[in-house]
Amino acid sequence: MPEGPDDRPPVPGALPVTVDLLIAAPRSRYVGRPADGPAPVPTTGPEQHETVRVRAHLGIVGDRYFNAPAHRGASVTLFAAEQLEHVARELGLPEGTMLDAALTRRNVVLRGADVDALVGREFDLDTGDGPVSFRANRAANPCAWMDVVFGAGAFRALRGRGGVRCEPLTDGVLRVGPGLLRAS
């Protein structure tokens, strides 16, 4: 049974975090049938960035979901890097195996926060250029592609741990490195 708003674990008011990864991808790499494998890395420019510009109610500049009507309210995805440690354990991989967070295709990969507990909350993420405000509107559910890119069983291991889909409420800049997350 899914947790209701009153059953969720508390999210601290302010928490030091690290942004491990920022992705702004001009197109999806997981298209078609998972058995066919992901599309090649685009040659038009990098998908991983040291900084990204966020626009209120639109998303991350340069990302495939920027200003996409179907993704309003869910244009930016956040993911907790620690969840990949859980996946590695569930897949029976050797202790210390590091899975590539870029394969989750989430825009912002954080370390140090229970990202999944943010659903239904507003929060600020400040990585040194001032806070960027977000509303975490819903869970970012994993897809069958996770079994292809990480190994059989990853899709199941990420259920309830796939991150959150957010709407940016303010403009700003996010950077890879240390930051502060303030949740309401």
# chains A, B, ... in the order shown; residues from 1 in each chain; ligands from 1
$ residues_around --residues "region 82-93 of chain A" --least-positions-apart "3" --cutoff "8 Å" --atoms "only C-alpha atoms" --output "tab-separated table (two decimals) with all heavy atoms, in the first residue's frame"
chain	number	residue	atom	x	y	z
A	97	THR	N	30.44	-1.80	-5.40
A	97	THR	CA	30.17	-1.58	-6.83
A	97	THR	C	29.42	-0.27	-6.99
A	97	THR	O	28.42	-0.03	-6.31
A	97	THR	CB	29.32	-2.73	-7.42
A	97	THR	OG1	30.04	-3.94	-7.30
A	97	THR	CG2	28.99	-2.47	-8.88
A	98	MET	N	29.93	0.59	-7.86
A	98	MET	CA	29.31	1.89	-8.11
A	98	MET	C	28.55	1.84	-9.44
A	98	MET	O	29.17	1.63	-10.48
A	98	MET	CB	30.37	2.98	-8.16
A	98	MET	CG	31.18	3.13	-6.87
A	98	MET	SD	30.19	3.62	-5.46
A	98	MET	CE	29.72	5.25	-5.93
A	99	LEU	N	27.25	2.00	-9.38
A	99	LEU	CA	26.44	2.07	-10.60
A	99	LEU	C	26.44	3.50	-11.11
A	99	LEU	O	26.50	4.45	-10.33
A	99	LEU	CB	25.02	1.59	-10.31
A	99	LEU	CG	24.90	0.14	-9.84
A	99	LEU	CD1	23.45	-0.19	-9.48
A	99	LEU	CD2	25.40	-0.81	-10.92
A	101	ALA	N	25.04	6.75	-12.08
A	101	ALA	CA	23.80	7.50	-11.84
A	101	ALA	C	23.25	8.13	-13.11
A	101	ALA	O	22.04	8.37	-13.21
A	101	ALA	CB	24.04	8.57	-10.78
A	111	ARG	N	23.16	13.61	-3.12
A	111	ARG	CA	23.63	12.69	-2.09
A	111	ARG	C	23.39	13.38	-0.75
A	111	ARG	O	23.70	14.55	-0.59
A	111	ARG	CB	25.12	12.41	-2.29
A	111	ARG	CG	25.67	11.38	-1.34
A	111	ARG	CD	27.06	10.93	-1.75
A	111	ARG	NE	27.08	10.26	-3.04
A	111	ARG	CZ	26.73	8.99	-3.25
A	111	ARG	NH1	26.33	8.25	-2.25
A	111	ARG	NH2	26.80	8.46	-4.45
A	112	GLY	N	22.79	12.64	0.19
A	112	GLY	CA	22.61	13.17	1.54
A	112	GLY	C	21.19	13.54	1.92
A	112	GLY	O	20.97	14.08	2.99
A	151	GLY	N	20.79	-4.16	-14.92
A	151	GLY	CA	20.71	-5.61	-14.76
A	151	GLY	C	19.32	-6.02	-14.31
A	151	GLY	O	18.58	-5.23	-13.71
A	152	ALA	N	18.97	-7.26	-14.62
A	152	ALA	CA	17.66	-7.79	-14.27
A	152	ALA	C	17.42	-7.64	-12.77
A	152	ALA	O	18.26	-8.01	-11.96
A	152	ALA	CB	17.56	-9.25	-14.69
A	153	GLY	N	16.29	-7.07	-12.43
A	153	GLY	CA	15.92	-6.83	-11.03
A	153	GLY	C	16.04	-5.38	-10.60
A	153	GLY	O	15.53	-5.00	-9.56
A	154	ALA	N	16.71	-4.55	-11.40
A	154	ALA	CA	16.89	-3.13	-11.03
A	154	ALA	C	15.57	-2.37	-11.04
A	154	ALA	O	15.33	-1.53	-10.17
A	154	ALA	CB	17.90	-2.46	-11.96
A	157	ALA	N	13.91	-3.14	-7.86
A	157	ALA	CA	14.66	-2.56	-6.74
A	157	ALA	C	14.44	-1.06	-6.62
A	157	ALA	O	14.54	-0.51	-5.53
A	157	ALA	CB	16.15	-2.87	-6.89
A	158	LEU	N	14.12	-0.40	-7.73
A	158	LEU	CA	13.92	1.05	-7.70
A	158	LEU	C	12.47	1.47	-7.45
A	158	LEU	O	12.19	2.66	-7.30
A	158	LEU	CB	14.42	1.68	-9.01
A	158	LEU	CG	15.92	1.88	-9.07
A	158	LEU	CD1	16.36	2.23	-10.48
A	158	LEU	CD2	16.36	2.96	-8.08
A	161	ARG	N	11.70	4.20	-5.04
A	161	ARG	CA	13.01	4.80	-4.80
A	161	ARG	C	13.53	5.51	-6.05
A	161	ARG	O	14.72	5.72	-6.20
A	161	ARG	CB	14.02	3.71	-4.43
A	161	ARG	CG	13.67	2.92	-3.21
A	161	ARG	CD	14.58	1.69	-3.10
A	161	ARG	NE	14.26	0.89	-1.95
A	161	ARG	CZ	14.82	1.02	-0.76
A	161	ARG	NH1	15.75	1.91	-0.56
A	161	ARG	NH2	14.47	0.25	0.24
A	162	GLY	N	12.64	5.86	-6.97
A	162	GLY	CA	13.05	6.42	-8.26
A	162	GLY	C	13.21	7.92	-8.30
A	162	GLY	O	13.50	8.49	-9.36
$ residues_around --residues "Arg72 (chain A)" --least-positions-apart "2" --cutoff "9 Å" --atoms "only C-alpha atoms" --output "ChimeraX atom specification"
/A:57-59,65-70,74-75,166-167
$ closest_residue --among "A:Pro46, A:Pro94, A:Gly73, A:Pro16" --to "Arg165 (chain A)" --atoms "only C-alpha atoms"
A:Gly73
$ residues_around --residues "Leu103 (chain A)" --least-positions-apart "2" --cutoff "9 Å" --atoms "only C-alpha atoms" --output "short mmCIF file (atom, residue, chain, number, x, y, z; two decimals) with C-alpha atoms, in the first residue's frame"
data_model
loop_
_atom_site.label_atom_id
_atom_site.label_comp_id
_atom_site.auth_asym_id
_atom_site.auth_seq_id
_atom_site.Cartn_x
_atom_site.Cartn_y
_atom_site.Cartn_z
CA LEU A 99 26.44 2.07 -10.60
CA ASP A 100 26.41 4.98 -13.05
CA ALA A 101 23.80 7.50 -11.84
CA ARG A 105 18.33 9.75 -16.67
CA ARG A 106 17.36 11.99 -13.73
CA MET A 146 16.51 -0.01 -15.56
CA VAL A 149 21.07 -0.63 -18.14
CA PHE A 150 21.74 -1.95 -14.61
#
$ select_by_dssp --residues "chain A" --states "strand (DSSP E or B)" --output "number ranges by chain"
A: 14-23, 48, 51-55, 59-60, 76-80, 108-111, 122-126, 131-139, 164-168, 172-175, 177-183
$ residues_around --residues "Arg159 (chain A)" --least-positions-apart "5" --cutoff "10 Å" --atoms "only C-alpha atoms" --output "PyMOL selection string"
chain A and resi 139-143+154
$ atom_distance --atom1 "CA of Gly172 (chain A)" --atom2 "CA of Arg121 (chain A)"
19.0 Å
$ residues_around --residues "Arg53 (chain A)" --least-positions-apart "5" --cutoff "10 Å" --atoms "only C-alpha atoms" --output "PyMOL selection string"
chain A and resi 24+59-62+132+171-175
$ write_last_selection --atoms "N, CA, C and O atoms" --output "CSV table (one decimal), in the first residue's frame"
chain,number,residue,atom,x,y,z
A,24,ALA,N,21.2,17.6,-18.5
A,24,ALA,CA,20.2,18.3,-19.4
A,24,ALA,C,20.4,17.7,-20.7
A,24,ALA,O,21.4,18.0,-21.4
A,59,GLY,N,11.5,24.5,-16.5
A,59,GLY,CA,12.4,23.4,-16.4
A,59,GLY,C,13.9,23.8,-16.5
A,59,GLY,O,14.2,25.0,-16.3
A,60,ILE,N,14.7,22.9,-17.0
A,60,ILE,CA,16.1,23.1,-17.1
A,60,ILE,C,16.4,23.5,-18.6
A,60,ILE,O,16.0,22.7,-19.5
A,61,VAL,N,17.0,24.6,-18.8
A,61,VAL,CA,17.3,25.1,-20.2
A,61,VAL,C,18.2,24.0,-20.9
A,61,VAL,O,19.2,23.6,-20.3
A,62,GLY,N,17.7,23.7,-22.1
A,62,GLY,CA,18.5,22.7,-22.9
A,62,GLY,C,18.0,21.2,-22.7
A,62,GLY,O,18.5,20.4,-23.4
A,132,VAL,N,17.1,27.8,-5.4
A,132,VAL,CA,16.2,27.5,-6.5
A,132,VAL,C,15.0,26.8,-5.8
A,132,VAL,O,15.3,25.8,-5.2
A,171,ASP,N,13.6,31.0,-10.9
A,171,ASP,CA,14.7,30.9,-11.8
A,171,ASP,C,16.0,30.7,-10.9
A,171,ASP,O,16.0,31.2,-9.8
A,172,GLY,N,17.0,30.1,-11.5
A,172,GLY,CA,18.3,30.0,-10.8
A,172,GLY,C,19.3,29.1,-11.5
A,172,GLY,O,19.0,28.6,-12.6
A,173,VAL,N,20.4,28.9,-10.8
A,173,VAL,CA,21.5,28.1,-11.3
A,173,VAL,C,21.8,27.0,-10.3
A,173,VAL,O,21.8,27.3,-9.1
A,174,LEU,N,22.0,25.8,-10.8
A,174,LEU,CA,22.4,24.7,-9.9
A,174,LEU,C,23.8,24.3,-10.4
A,174,LEU,O,24.1,24.3,-11.6
A,175,ARG,N,24.7,23.9,-9.4
A,175,ARG,CA,26.0,23.5,-9.7
A,175,ARG,C,26.3,22.1,-9.1
A,175,ARG,O,25.8,21.8,-8.0
$ select_by_dssp --residues "region 47-93 of chain A" --states "helix (DSSP H, G or I)" --output "PyMOL selection string"
chain A and resi 69-71+82-90
$ decode --residues "region 106-137 of chain A" --atoms "C-alpha atoms" --output "mmCIF file, in the first residue's frame"
data_model
loop_
_atom_site.group_PDB
_atom_site.id
_atom_site.type_symbol
_atom_site.label_atom_id
_atom_site.label_comp_id
_atom_site.auth_asym_id
_atom_site.auth_seq_id
_atom_site.Cartn_x
_atom_site.Cartn_y
_atom_site.Cartn_z
ATOM 1 C CA ARG A 106 17.357 11.987 -13.734
ATOM 2 C CA ASN A 107 18.275 15.672 -14.046
ATOM 3 C CA VAL A 108 19.659 16.216 -10.547
ATOM 4 C CA VAL A 109 21.364 13.446 -8.565
ATOM 5 C CA LEU A 110 21.748 14.371 -4.887
ATOM 6 C CA ARG A 111 23.632 12.695 -2.095
ATOM 7 C CA GLY A 112 22.611 13.169 1.542
ATOM 8 C CA ALA A 113 18.812 13.564 1.361
ATOM 9 C CA ASP A 114 15.782 11.295 1.261
ATOM 10 C CA VAL A 115 14.613 12.677 -2.063
ATOM 11 C CA ASP A 116 11.640 10.306 -2.293
ATOM 12 C CA ALA A 117 10.191 11.796 0.918
ATOM 13 C CA LEU A 118 9.860 15.198 -0.796
ATOM 14 C CA VAL A 119 6.706 14.255 -2.756
ATOM 15 C CA GLY A 120 4.012 16.844 -2.035
ATOM 16 C CA ARG A 121 6.457 19.328 -0.526
ATOM 17 C CA GLU A 122 8.122 22.539 -1.601
ATOM 18 C CA PHE A 123 11.865 22.851 -1.118
ATOM 19 C CA ASP A 124 14.846 25.023 -1.995
ATOM 20 C CA LEU A 125 18.141 23.757 -3.340
ATOM 21 C CA ASP A 126 21.082 26.151 -3.049
ATOM 22 C CA THR A 127 24.417 25.164 -4.595
ATOM 23 C CA GLY A 128 26.092 28.532 -4.145
ATOM 24 C CA ASP A 129 24.247 30.859 -6.529
ATOM 25 C CA GLY A 130 21.181 31.348 -4.346
ATOM 26 C CA PRO A 131 18.253 29.034 -3.710
ATOM 27 C CA VAL A 132 16.152 27.548 -6.490
ATOM 28 C CA SER A 133 12.652 26.657 -5.303
ATOM 29 C CA PHE A 134 10.808 23.523 -6.409
ATOM 30 C CA ARG A 135 7.537 21.714 -5.749
ATOM 31 C CA ALA A 136 7.885 17.913 -5.776
ATOM 32 C CA ASN A 137 4.597 16.964 -7.388
#
